[in-house]
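Enquirer: Here it is, the structure in full.
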Amino acid sequence: MKIAVMTGASAGIGREMVPAFDKAIDLDEIWVIARRKERLEELRDLCRARVRPLSLDLTKEESFDGYRALLEAEKPEITLLVNAAGCGYFGPFRDREAEKLIESVRLNDLALTAMCHASLPYMREGSAIINLGSNSAWQPVPWQAVYGASKSYVLNFSRALGRELKKDGIHVMCVCPGWIKTEFQRTADHDKYMRYVDRWYEASEVAKQAVKDLAKKKTVSILGSPVRRQVRLVKFLPVKLVMDIWCRQQGIE
């Protein structure tokens, strides 16, 4: 049985990835993972493949025990793993709730790492892993200190893992979008703390770009020429200058 496994599938980019890759890849089943099962069940009407909702909280270790047990019982071939579950919180580090910040690292980094490790024994030559990073992964981001750092981990982990798995024919790609209109912005308190946005993109656009870039075997997927130009620019500018520009744009002292 050939399957795709997609986390964060109840909303945002993760939700848009499900029908996008369902159209692009022939699959027997898509295992969609998130906490809100009712949102996952809605995906059945959008896909050709059978959709299996798995209501799991990936901030809790027991969720991975259940996932590993299901893999062991069914022994599927995982054609595609999409790690899109994530969260973040904007604002001054010292003013944010410690548990929320720690939970974001659990979900953005530890859960993603655990999903990759549990899934790899069921992947074969031609399989692929997509990890959701961010445009914040390329530099330190004041007032997004934990979120940006967590996405830097995702980017660097994805690149290193992809190099390790190259000999096995398993491709790894990190998706690094700019500003996207999703539920994430509300839960992250975007409007309270962020003043400047150069351009908004839609989650569906990110998913479509990811499909195209995976077909081209790209290691990083970036939607939009303005975002790509910014990524190239920050590679050559001093880190302090990049942070200074960001702080001026957002009105941060």
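The chains in the structure tokens are called A, B, ... from first to last as shown; in each chain the residues are counted from 1, and the ligands are counted from 1 in the order shown.
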What lies within 7 Å of region 106-111 of chain A using only C-alpha atoms, ignoring chain neighbours under 4 positions off, as a tab-separated table (two decimals) with C-alpha atoms, in the first residue's frame?
Expert:
chain	number	residue	atom	x	y	z
A	58	LEU	CA	2.26	15.90	18.14
A	59	THR	CA	3.43	17.83	21.18
A	85	ALA	CA	2.50	20.95	11.70
A	86	GLY	CA	3.83	24.01	13.44
A	87	CYS	CA	3.10	27.08	15.53
A	102	ILE	CA	8.54	25.67	24.56
A	115	MET	CA	8.05	11.94	12.37
A	150	SER	CA	13.06	26.80	15.25
A	153	TYR	CA	16.65	24.11	12.63
A	154	VAL	CA	14.11	22.79	10.12
Enquirer: What residues in region 7-229 of chain A get the DSSP label alpha helix (DSSP H)? Please answer as a count of residues only.
Expert: 96
Enquirer: Out of A:Tyr122, A:Phe157, A:Phe21, A:Trp179, which residue has the shortest atom-to-atom distance to Ser134 (chain A) when counting only C-alpha atoms?
Expert: A:Trp179
Enquirer: Quick one: residues within 10 Å of Lys212 (chain A), only C-alpha atoms counted, chain neighbours fewer than 6 positions away excluded, as JSON, numbers by chain?
Expert: {"A": [24, 218, 221]}
Enquirer: Could you give me, as number ranges by chain, the residues within 6 Å of region 201-206 of chain A, counting only C-alpha atoms and dropping anything in the same chain fewer than 4 positions from it?
Expert: A: 12-13, 16, 180-181
Enquirer: Got a sec: who's within 10 Å of Arg96 (chain A), counting only C-alpha atoms, leaving out chain neighbours fewer than 6 positions off, as a list in words?
Expert: Tyr89, Phe90 and Trp143 of chain A
Enquirer: Next, write the just-selected residues to a file, as a CSV table (one decimal), in the first residue's frame, keeping N, CA and C atoms as the atom set.
Expert:
chain,number,residue,atom,x,y,z
A,89,TYR,N,4.9,32.2,18.0
A,89,TYR,CA,4.4,33.4,18.8
A,89,TYR,C,5.3,34.6,18.6
A,90,PHE,N,4.7,35.7,18.2
A,90,PHE,CA,5.4,36.9,18.0
A,90,PHE,C,5.4,37.8,19.2
A,143,TRP,N,11.7,39.6,18.0
A,143,TRP,CA,10.3,39.5,18.2
A,143,TRP,C,9.7,38.2,17.5
Enquirer: What's around Arg36 (chain A) at 10 Å? Count only C-alpha atoms, leave out sequence neighbours fewer than 6 positions away in its own chain, and write the answer as a ChimeraX atom specification.
Expert: /A:8-11,53-57
Enquirer: Based on the backbone DSSP call, show me all residues of region 37-205 of chain A assigned strand (DSSP E or B), as a PyMOL selection string.
Expert: chain A and resi 50-55+77-83+128-132+171-175+179-181+200-202
Enquirer: Given only C-alpha atoms as the basis, pick out the residue of A:Tyr67, A:Glu125, A:Pro142, A:Met173 nearest to Arg94 (chain A).
Expert: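 Answer, going by the shortest atom-to-atom distance: A:Pro142.
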Enquirer: Set the distance at 12 Å and use only C-alpha atoms: which residues neighbour Leu71 (chain A) once local chain neighbours fewer than 3 positions away are removed? I'd like the list as a ChimeraX atom specification.
Expert: /A:1,3,5,31,64-68,74-78,115,118-123
Enquirer: Kindly export the residues of the current selection with C-alpha atoms, as a CSV table (one decimal), in the first residue's frame.
Expert:
chain,number,residue,atom,x,y,z
A,1,MET,CA,0.0,0.0,0.0
A,3,ILE,CA,0.6,6.2,1.2
A,5,VAL,CA,1.6,11.1,5.6
A,31,TRP,CA,-2.9,9.7,6.4
A,64,PHE,CA,4.4,8.9,18.3
A,65,ASP,CA,3.9,5.6,20.0
A,66,GLY,CA,0.6,5.3,18.4
A,67,TYR,CA,1.9,6.3,15.0
A,68,ARG,CA,4.8,3.8,15.2
A,74,GLU,CA,0.1,-2.1,8.4
A,75,LYS,CA,3.7,-1.8,7.0
A,76,PRO,CA,2.8,0.7,4.2
A,77,GLU,CA,5.2,2.2,1.7
A,78,ILE,CA,5.4,5.9,2.5
A,115,MET,CA,8.0,11.9,12.4
A,118,ALA,CA,9.6,6.9,12.6
A,119,SER,CA,8.7,7.1,8.9
A,120,LEU,CA,12.1,6.4,7.3
A,121,PRO,CA,12.0,2.6,7.7
A,122,TYR,CA,8.9,2.6,5.5
A,123,MET,CA,10.3,4.8,2.8
Enquirer: Tell me, in Å to one decimal, how far CA of Lys217 (chain A) is from CA of Pro140 (chain A).
Expert: 27.6 Å
